Amino acid sequence: MTFKKSVCFYAAALLISLSGVANAQDGQLDTSFAHGGNVSNCIGSTNGIGWSSEANSVTVQSDGKIVAVGFSWIDAKIRHVFALVRYNADGSLDSTFGINGTDTTAIGPSDDRAYSVAIQSDGKIVAAGYSAIGAAGSPRVFALVRYNTDGSLDNTFGTNGIVKTAIGQSDDEAYSVAIQGDGKIVVAGTSHQVVSGEGVFLFALARYGSNGSLDNTFGASGIVTTALQISGNLQQDNKARSVLVQSDGRIVIGGYSGSNSLNYFAVLRYNSDGSLDNSFDTTGIALTAVGSANDGISSIAIQSDHKIVAGGYTQNSNEYDFALARYNADGSLDNSFGNNGVVTTSIWHLDDEISSIAIQSDGKIVAAGYSEQSQSSGDLFALARYNNDGSLDNTFGSNGIVTTSIAWGYDKAFSVAIQNDGKIIAAGFAFYNNFYDDNGFAIARYTGSSGPVNAVSVTAGLPKSFALYQNYPNPFNPSTMISYQLPMNSRVTLKVYDILGREVAALVNERQNPGSYSVTFDASKLPSGVYFYRLIAVGNNGERLVSVKKLVLMK
């Protein structure tokens with residue numbers, strides 16, 4: 001059953017960027033978004049008693065609308081439920097979605113939490129997390145919910161739009177979801193099981209068909225679990241926090257593995273059938289000690305050159321710092337990045353953690369999370385942008401770093417996404433009351449550059465058909481993003497013409513692998529007016545797409 005309810009809508013009373021950003025710098029709050037650059041929403045119970053909610057994952061639709069998922073209290077804070085909010089590109093709630101832009105879904109009787117969101121090629125929205133099978137504190141199972149584009153439950157998926165999967169004997173928690181090019185859904189997290197008489201948490205993966213049924217061609221009846229040993233010792237705590245599907249169908253997860261507060265960065269790569277890929281660091285598993293104690297990956301991203309970037313945290317004495325590692329395609333650390341493949345950044349010299357990373361079209365890495373400013377004043381949204389070599393990007397914020405207070409100083413960003421125009425979306429929660437559990441969805445948008453004119457593969461998996469999408473934004477000034485997809489290796493040309501049919505820009509002229517691509521068109525040297533862009537894609541078997549769309553430059 002889906003509960004749809006009204007939303008408390010807040011523009012933060014305190015909206016303070018602490019970065020000292022000059023006007024020309026990227027990383028400023030985008031004042032064209034919502035009220036001064038951010039928006040917060042509380043999703044309460046139907047009787048208005050109590051509310052608390054947080055956004056754990058955010059993504060941007062092809063039409064520029066922003067979807068955030070997480071969880072919220074309902075029924076006077078008796079239980080948590082999946083919560084979704086969809087915003088228009090300007091930060092206003094999208095009234096065509098759910099009720100007034102929001103939707104909540106109760107799966108079990110007590111504790112349902114969504115941690116990840118992905119959007120299918122048909123626009124349907126998949127949210128993944130976990131659901132308790134009984135009262136609060138009872139065992140949990142993987143939980144997926146699929147929504148139609150209007151926010152209603154998709155009854156062609158599972159049971160009335162909901163799928164629950166027990167992986168092990170006890171606690172199963174899903175933290176990340178990815179959609180393959182063939183429409184199958186991959187979910188990653190952790191599962192508590194008994195191994196050699198010992199209760200441990202294992203890396204857990206499940207793959208589903210497009211209708212929500214487990215895919216029997218993957219692992220054991222659709223499920224894969226992985227236990228790790230280090231120096232002969234079984235690791236007690238293994239958790240996958242992020243999953244991606246490479247363009248060749250191989251699956252990469254990132255998280256941590258450890259015992260007794262000694263945790264490692266963990267990146268695992270699986271073949272498409274669920275077996276570990278032995279071409280990746282010889283065993284399919286790459287473990288990295290960033291610091292001397294407690295390290296963990298929260299998010300991974302794959303660059304256009306197939307290198308894998310992992311972001312998370314590392315313990316430094318009694319504090320935590322931002323931590324990044326970059327791996328070559330074979331699983332070895334990339335020594336051209338930072339210090340032998342590793343970068344750490346202290347924001348406020350207390351507890352700093354990367355929750356999510358994204359890669360711009362120019363290859364720069366955006367990391368978002370939170371930073372504890374002081375033990376008395378709490379946490380702030382924290383973003384850092386890194387150059388391709390791992391150095392901080394001084395064109396972003398103050399020496400590469402931006403911190404923002406959304407409400408009263410206990411604010412955390414859990415997810416980051418980059419729009420087609422290069423602007424950066426960070427989502428999490430903002431604290432509004434004297435009780436820690438009185439917080440709401442918080443979304444902030446920052447200025448950002450989209451990089452040079454070059455085509456970059458931006459999604460994993462293989463599309464099923466050719467497609468050319470409408471540029472965004474449109475009208476634009478002076479740059480816009482054009483996206484398209486290829487189902488097979490193709491010869492691609494993408495050109496822009498003025499209204500008289502004269503060529504004004506050649507954006508792409510090369511052979512490209514199957515995948516989804518975006519290219520930035522910079523029209524800063526052209527006059528205002530109507531232009532057209534044309535994509536010609538010819539596949540190896542002779543299939544072709546010729547498509548033309550209009551774009552408007554308005555200076």
# chains A, B, ... in the order shown; residues from 1 in each chain; ligands from 1

$ residues_around --residues "A:Ile251" --least-positions-apart "6" --cutoff "8 Å" --atoms "only C-alpha atoms" --output "PDB file with N, CA and C atoms, in the first residue's frame"
ATOM      1  N   VAL A 243      27.218   0.014  -6.176  1.00  0.00           N
ATOM      2  CA  VAL A 243      27.331  -0.965  -7.258  1.00  0.00           C
ATOM      3  C   VAL A 243      27.191  -0.254  -8.600  1.00  0.00           C
ATOM      4  N   LEU A 244      27.994  -0.694  -9.576  1.00  0.00           N
ATOM      5  CA  LEU A 244      27.919  -0.193 -10.938  1.00  0.00           C
ATOM      6  C   LEU A 244      28.071  -1.367 -11.899  1.00  0.00           C
ATOM      7  N   VAL A 245      27.507  -1.206 -13.081  1.00  0.00           N
ATOM      8  CA  VAL A 245      27.655  -2.209 -14.128  1.00  0.00           C
ATOM      9  C   VAL A 245      28.497  -1.613 -15.243  1.00  0.00           C
ATOM     10  N   ARG A 269      34.999  -7.190  -8.250  1.00  0.00           N
ATOM     11  CA  ARG A 269      34.404  -7.216  -9.580  1.00  0.00           C
ATOM     12  C   ARG A 269      33.967  -8.636  -9.926  1.00  0.00           C
ATOM     13  N   TYR A 270      32.741  -8.725 -10.448  1.00  0.00           N
ATOM     14  CA  TYR A 270      32.123  -9.997 -10.790  1.00  0.00           C
ATOM     15  C   TYR A 270      31.892 -10.064 -12.295  1.00  0.00           C
ATOM     16  N   ASN A 271      31.967 -11.269 -12.829  1.00  0.00           N
ATOM     17  CA  ASN A 271      31.533 -11.504 -14.195  1.00  0.00           C
ATOM     18  C   ASN A 271      30.014 -11.403 -14.261  1.00  0.00           C
ATOM     19  N   SER A 272      29.471 -11.347 -15.455  1.00  0.00           N
ATOM     20  CA  SER A 272      28.029 -11.150 -15.601  1.00  0.00           C
ATOM     21  C   SER A 272      27.216 -12.308 -15.038  1.00  0.00           C
TER      22      SER A 272
END

$ select_by_dssp --residues "stretch 238-374 of chain A" --states "strand (DSSP E)" --output "VMD selection string"
chain A and resid 238 to 245 251 to 259 262 to 270 285 to 288 295 to 302 308 to 316 319 to 327 342 to 345 352 to 359 365 to 374

$ residues_around --residues "A:Lys412" --least-positions-apart "6" --cutoff "7 Å" --atoms "only C-alpha atoms" --output "PyMOL selection string"
chain A and resi 369-370+379-381+428-430

$ write_last_selection --atoms "N, CA and C atoms" --output "short mmCIF file (atom, residue, chain, number, x, y, z; two decimals), in the first residue's frame"
data_model
loop_
_atom_site.label_atom_id
_atom_site.label_comp_id
_atom_site.auth_asym_id
_atom_site.auth_seq_id
_atom_site.Cartn_x
_atom_site.Cartn_y
_atom_site.Cartn_z
N GLY A 369 29.73 14.96 0.96
CA GLY A 369 29.52 14.26 2.23
C GLY A 369 29.24 15.27 3.31
N TYR A 370 29.93 15.12 4.41
CA TYR A 370 29.69 16.04 5.52
C TYR A 370 30.96 16.21 6.33
N ASP A 379 27.41 19.21 12.06
CA ASP A 379 27.89 18.88 10.73
C ASP A 379 27.40 19.86 9.67
N LEU A 380 28.15 19.94 8.58
CA LEU A 380 27.81 20.75 7.43
C LEU A 380 27.85 19.90 6.18
N PHE A 381 27.05 20.27 5.16
CA PHE A 381 27.29 19.72 3.83
C PHE A 381 28.74 20.06 3.46
N GLY A 428 20.63 15.24 1.12
CA GLY A 428 20.83 14.59 2.41
C GLY A 428 19.73 14.98 3.37
N PHE A 429 20.12 15.41 4.55
CA PHE A 429 19.10 15.90 5.48
C PHE A 429 19.56 17.18 6.15
N ALA A 430 18.58 17.95 6.60
CA ALA A 430 18.82 19.17 7.36
C ALA A 430 18.09 19.06 8.68
#

$ closest_residue --among "A:Ile285, A:Val290, A:Ile357, A:Ala227" --to "A:Gly331" --atoms "only C-alpha atoms"
A:Ile285

$ closest_residue --among "A:Arg241, A:His192, A:Arg511, A:Lys364" --to "A:Gly312" --atoms "only C-alpha atoms"
A:Arg241

$ atom_distance --atom1 "atom CA of A:Gly274" --atom2 "atom CA of A:Asp248"
13.6 Å

$ closest_residue --among "A:Asn263, A:Ser398, A:Thr480, A:Asn540" --to "A:Asn420" --atoms "only C-alpha atoms"
A:Thr480

$ atom_distance --atom1 "atom CA of A:Ser210" --atom2 "atom CA of A:Gly168"
23.1 Å

$ atom_distance --atom1 "atom CA of A:Val141" --atom2 "atom CA of A:Cys42"
26.4 Å

$ residues_around --residues "A:Ala55" --least-positions-apart "4" --cutoff "7 Å" --atoms "only C-alpha atoms" --output "list in words"
Ala68, Val69, Gly70, Phe71, Ala427, Gly428, Phe429, Phe441 and Ala442 of chain A

$ closest_residue --among "A:Val548, A:Ala289, A:Ala537, A:Ile230" --to "A:Gly501" --atoms "only C-alpha atoms"
A:Val548

$ closest_residue --among "A:Val200, A:Ala382, A:Ala444, A:Val309" --to "A:Gly258" --atoms "only C-alpha atoms"
A:Val200

$ residues_around --residues "A:Ser213" --least-positions-apart "6" --cutoff "9 Å" --atoms "only C-alpha atoms" --output "PyMOL selection string"
chain A and resi 157-158+163+207+222

$ decode --residues "stretch 163-198 of chain A" --atoms "N, CA, C and O atoms" --output "PDB file, in the first residue's frame"
ATOM      1  N   VAL A 163       9.135  -5.798  -4.175  1.00  0.00           N
ATOM      2  CA  VAL A 163       9.851  -7.074  -4.133  1.00  0.00           C
ATOM      3  C   VAL A 163      10.648  -7.132  -2.830  1.00  0.00           C
ATOM      4  O   VAL A 163      11.360  -6.176  -2.487  1.00  0.00           O
ATOM      5  N   LYS A 164      10.542  -8.241  -2.110  1.00  0.00           N
ATOM      6  CA  LYS A 164      11.334  -8.467  -0.900  1.00  0.00           C
ATOM      7  C   LYS A 164      12.111  -9.770  -1.065  1.00  0.00           C
ATOM      8  O   LYS A 164      11.560 -10.757  -1.554  1.00  0.00           O
ATOM      9  N   THR A 165      13.387  -9.751  -0.657  1.00  0.00           N
ATOM     10  CA  THR A 165      14.239 -10.922  -0.835  1.00  0.00           C
ATOM     11  C   THR A 165      15.042 -11.176   0.431  1.00  0.00           C
ATOM     12  O   THR A 165      15.794 -10.299   0.884  1.00  0.00           O
ATOM     13  N   ALA A 166      14.886 -12.378   0.986  1.00  0.00           N
ATOM     14  CA  ALA A 166      15.721 -12.811   2.109  1.00  0.00           C
ATOM     15  C   ALA A 166      16.982 -13.447   1.539  1.00  0.00           C
ATOM     16  O   ALA A 166      16.916 -14.430   0.806  1.00  0.00           O
ATOM     17  N   ILE A 167      18.133 -12.884   1.870  1.00  0.00           N
ATOM     18  CA  ILE A 167      19.406 -13.385   1.356  1.00  0.00           C
ATOM     19  C   ILE A 167      19.976 -14.449   2.295  1.00  0.00           C
ATOM     20  O   ILE A 167      20.351 -15.540   1.882  1.00  0.00           O
ATOM     21  N   GLY A 168      20.075 -14.137   3.574  1.00  0.00           N
ATOM     22  CA  GLY A 168      20.642 -15.040   4.565  1.00  0.00           C
ATOM     23  C   GLY A 168      19.650 -15.395   5.653  1.00  0.00           C
ATOM     24  O   GLY A 168      18.433 -15.377   5.437  1.00  0.00           O
ATOM     25  N   GLN A 169      20.186 -15.669   6.846  1.00  0.00           N
ATOM     26  CA  GLN A 169      19.325 -16.102   7.940  1.00  0.00           C
ATOM     27  C   GLN A 169      18.828 -14.946   8.799  1.00  0.00           C
ATOM     28  O   GLN A 169      17.917 -15.114   9.594  1.00  0.00           O
ATOM     29  N   SER A 170      19.413 -13.764   8.636  1.00  0.00           N
ATOM     30  CA  SER A 170      19.095 -12.706   9.583  1.00  0.00           C
ATOM     31  C   SER A 170      18.958 -11.359   8.900  1.00  0.00           C
ATOM     32  O   SER A 170      17.975 -11.108   8.212  1.00  0.00           O
ATOM     33  N   ASP A 171      19.966 -10.502   9.026  1.00  0.00           N
ATOM     34  CA  ASP A 171      19.833  -9.118   8.581  1.00  0.00           C
ATOM     35  C   ASP A 171      20.409  -8.933   7.182  1.00  0.00           C
ATOM     36  O   ASP A 171      21.618  -9.089   6.967  1.00  0.00           O
ATOM     37  N   ASP A 172      19.551  -8.570   6.238  1.00  0.00           N
ATOM     38  CA  ASP A 172      19.938  -8.296   4.858  1.00  0.00           C
ATOM     39  C   ASP A 172      19.597  -6.841   4.556  1.00  0.00           C
ATOM     40  O   ASP A 172      18.443  -6.432   4.702  1.00  0.00           O
ATOM     41  N   GLU A 173      20.584  -6.081   4.128  1.00  0.00           N
ATOM     42  CA  GLU A 173      20.380  -4.663   3.875  1.00  0.00           C
ATOM     43  C   GLU A 173      20.940  -4.305   2.508  1.00  0.00           C
ATOM     44  O   GLU A 173      22.114  -4.565   2.229  1.00  0.00           O
ATOM     45  N   ALA A 174      20.117  -3.710   1.652  1.00  0.00           N
ATOM     46  CA  ALA A 174      20.542  -3.258   0.321  1.00  0.00           C
ATOM     47  C   ALA A 174      20.860  -1.773   0.390  1.00  0.00           C
ATOM     48  O   ALA A 174      20.097  -0.993   0.962  1.00  0.00           O
ATOM     49  N   TYR A 175      21.987  -1.393  -0.209  1.00  0.00           N
ATOM     50  CA  TYR A 175      22.429  -0.005  -0.155  1.00  0.00           C
ATOM     51  C   TYR A 175      22.605   0.639  -1.524  1.00  0.00           C
ATOM     52  O   TYR A 175      22.794   1.853  -1.606  1.00  0.00           O
ATOM     53  N   SER A 176      22.571  -0.148  -2.597  1.00  0.00           N
ATOM     54  CA  SER A 176      22.814   0.448  -3.899  1.00  0.00           C
ATOM     55  C   SER A 176      22.121  -0.367  -4.979  1.00  0.00           C
ATOM     56  O   SER A 176      22.021  -1.591  -4.879  1.00  0.00           O
ATOM     57  N   VAL A 177      21.656   0.319  -6.029  1.00  0.00           N
ATOM     58  CA  VAL A 177      20.970  -0.334  -7.135  1.00  0.00           C
ATOM     59  C   VAL A 177      21.495   0.236  -8.453  1.00  0.00           C
ATOM     60  O   VAL A 177      21.830   1.418  -8.542  1.00  0.00           O
ATOM     61  N   ALA A 178      21.598  -0.635  -9.471  1.00  0.00           N
ATOM     62  CA  ALA A 178      22.004  -0.221 -10.808  1.00  0.00           C
ATOM     63  C   ALA A 178      21.161  -0.969 -11.826  1.00  0.00           C
ATOM     64  O   ALA A 178      20.750  -2.116 -11.586  1.00  0.00           O
ATOM     65  N   ILE A 179      20.901  -0.321 -12.943  1.00  0.00           N
ATOM     66  CA  ILE A 179      20.120  -0.922 -14.023  1.00  0.00           C
ATOM     67  C   ILE A 179      21.062  -1.309 -15.160  1.00  0.00           C
ATOM     68  O   ILE A 179      21.820  -0.482 -15.662  1.00  0.00           O
ATOM     69  N   GLN A 180      21.026  -2.588 -15.546  1.00  0.00           N
ATOM     70  CA  GLN A 180      21.821  -3.019 -16.683  1.00  0.00           C
ATOM     71  C   GLN A 180      21.206  -2.522 -17.982  1.00  0.00           C
ATOM     72  O   GLN A 180      20.037  -2.131 -18.036  1.00  0.00           O
ATOM     73  N   GLY A 181      21.977  -2.584 -19.069  1.00  0.00           N
ATOM     74  CA  GLY A 181      21.470  -2.169 -20.362  1.00  0.00           C
ATOM     75  C   GLY A 181      20.333  -3.026 -20.857  1.00  0.00           C
ATOM     76  O   GLY A 181      19.504  -2.570 -21.666  1.00  0.00           O
ATOM     77  N   ASP A 182      20.266  -4.298 -20.407  1.00  0.00           N
ATOM     78  CA  ASP A 182      19.173  -5.180 -20.813  1.00  0.00           C
ATOM     79  C   ASP A 182      17.959  -5.064 -19.909  1.00  0.00           C
ATOM     80  O   ASP A 182      17.007  -5.829 -20.028  1.00  0.00           O
ATOM     81  N   GLY A 183      17.982  -4.103 -18.985  1.00  0.00           N
ATOM     82  CA  GLY A 183      16.846  -3.860 -18.101  1.00  0.00           C
ATOM     83  C   GLY A 183      16.885  -4.627 -16.795  1.00  0.00           C
ATOM     84  O   GLY A 183      16.053  -4.375 -15.906  1.00  0.00           O
ATOM     85  N   LYS A 184      17.819  -5.563 -16.640  1.00  0.00           N
ATOM     86  CA  LYS A 184      17.915  -6.277 -15.369  1.00  0.00           C
ATOM     87  C   LYS A 184      18.412  -5.339 -14.273  1.00  0.00           C
ATOM     88  O   LYS A 184      19.122  -4.369 -14.537  1.00  0.00           O
ATOM     89  N   ILE A 185      18.042  -5.647 -13.045  1.00  0.00           N
ATOM     90  CA  ILE A 185      18.296  -4.764 -11.910  1.00  0.00           C
ATOM     91  C   ILE A 185      19.269  -5.459 -10.964  1.00  0.00           C
ATOM     92  O   ILE A 185      19.028  -6.593 -10.536  1.00  0.00           O
ATOM     93  N   VAL A 186      20.368  -4.797 -10.635  1.00  0.00           N
ATOM     94  CA  VAL A 186      21.376  -5.334  -9.732  1.00  0.00           C
ATOM     95  C   VAL A 186      21.342  -4.540  -8.436  1.00  0.00           C
ATOM     96  O   VAL A 186      21.377  -3.307  -8.449  1.00  0.00           O
ATOM     97  N   VAL A 187      21.286  -5.274  -7.323  1.00  0.00           N
ATOM     98  CA  VAL A 187      21.217  -4.657  -5.999  1.00  0.00           C
ATOM     99  C   VAL A 187      22.356  -5.209  -5.149  1.00  0.00           C
ATOM    100  O   VAL A 187      22.631  -6.416  -5.172  1.00  0.00           O
ATOM    101  N   ALA A 188      23.023  -4.334  -4.393  1.00  0.00           N
ATOM    102  CA  ALA A 188      24.153  -4.745  -3.564  1.00  0.00           C
ATOM    103  C   ALA A 188      23.975  -4.252  -2.148  1.00  0.00           C
ATOM    104  O   ALA A 188      23.401  -3.184  -1.904  1.00  0.00           O
ATOM    105  N   GLY A 189      24.514  -5.050  -1.210  1.00  0.00           N
ATOM    106  CA  GLY A 189      24.458  -4.670   0.194  1.00  0.00           C
ATOM    107  C   GLY A 189      25.206  -5.655   1.060  1.00  0.00           C
ATOM    108  O   GLY A 189      26.325  -6.052   0.739  1.00  0.00           O
ATOM    109  N   THR A 190      24.559  -6.091   2.131  1.00  0.00           N
ATOM    110  CA  THR A 190      25.182  -7.005   3.083  1.00  0.00           C
ATOM    111  C   THR A 190      24.160  -7.995   3.599  1.00  0.00           C
ATOM    112  O   THR A 190      22.952  -7.722   3.578  1.00  0.00           O
ATOM    113  N   SER A 191      24.654  -9.153   4.035  1.00  0.00           N
ATOM    114  CA  SER A 191      23.774 -10.204   4.558  1.00  0.00           C
ATOM    115  C   SER A 191      24.461 -10.886   5.727  1.00  0.00           C
ATOM    116  O   SER A 191      25.637 -11.250   5.648  1.00  0.00           O
ATOM    117  N   HIS A 192      23.717 -11.086   6.806  1.00  0.00           N
ATOM    118  CA  HIS A 192      24.257 -11.766   7.983  1.00  0.00           C
ATOM    119  C   HIS A 192      24.008 -13.259   7.862  1.00  0.00           C
ATOM    120  O   HIS A 192      22.865 -13.697   7.735  1.00  0.00           O
ATOM    121  N   GLN A 193      25.095 -14.035   7.884  1.00  0.00           N
ATOM    122  CA  GLN A 193      24.986 -15.483   7.747  1.00  0.00           C
ATOM    123  C   GLN A 193      25.983 -16.161   8.674  1.00  0.00           C
ATOM    124  O   GLN A 193      26.897 -15.526   9.213  1.00  0.00           O
ATOM    125  N   VAL A 194      25.799 -17.448   8.847  1.00  0.00           N
ATOM    126  CA  VAL A 194      26.713 -18.248   9.662  1.00  0.00           C
ATOM    127  C   VAL A 194      27.699 -18.936   8.724  1.00  0.00           C
ATOM    128  O   VAL A 194      27.315 -19.692   7.834  1.00  0.00           O
ATOM    129  N   VAL A 195      28.986 -18.654   8.903  1.00  0.00           N
ATOM    130  CA  VAL A 195      30.063 -19.245   8.114  1.00  0.00           C
ATOM    131  C   VAL A 195      31.041 -19.914   9.069  1.00  0.00           C
ATOM    132  O   VAL A 195      31.583 -19.255   9.976  1.00  0.00           O
ATOM    133  N   SER A 196      31.242 -21.218   8.886  1.00  0.00           N
ATOM    134  CA  SER A 196      32.152 -21.981   9.757  1.00  0.00           C
ATOM    135  C   SER A 196      31.797 -21.797  11.225  1.00  0.00           C
ATOM    136  O   SER A 196      32.669 -21.652  12.094  1.00  0.00           O
ATOM    137  N   GLY A 197      30.502 -21.781  11.495  1.00  0.00           N
ATOM    138  CA  GLY A 197      30.019 -21.664  12.868  1.00  0.00           C
ATOM    139  C   GLY A 197      30.068 -20.272  13.441  1.00  0.00           C
ATOM    140  O   GLY A 197      29.758 -20.060  14.612  1.00  0.00           O
ATOM    141  N   GLU A 198      30.431 -19.292  12.629  1.00  0.00           N
ATOM    142  CA  GLU A 198      30.573 -17.916  13.098  1.00  0.00           C
ATOM    143  C   GLU A 198      29.607 -17.005  12.355  1.00  0.00           C
ATOM    144  O   GLU A 198      29.494 -17.073  11.135  1.00  0.00           O
TER     145      GLU A 198
END
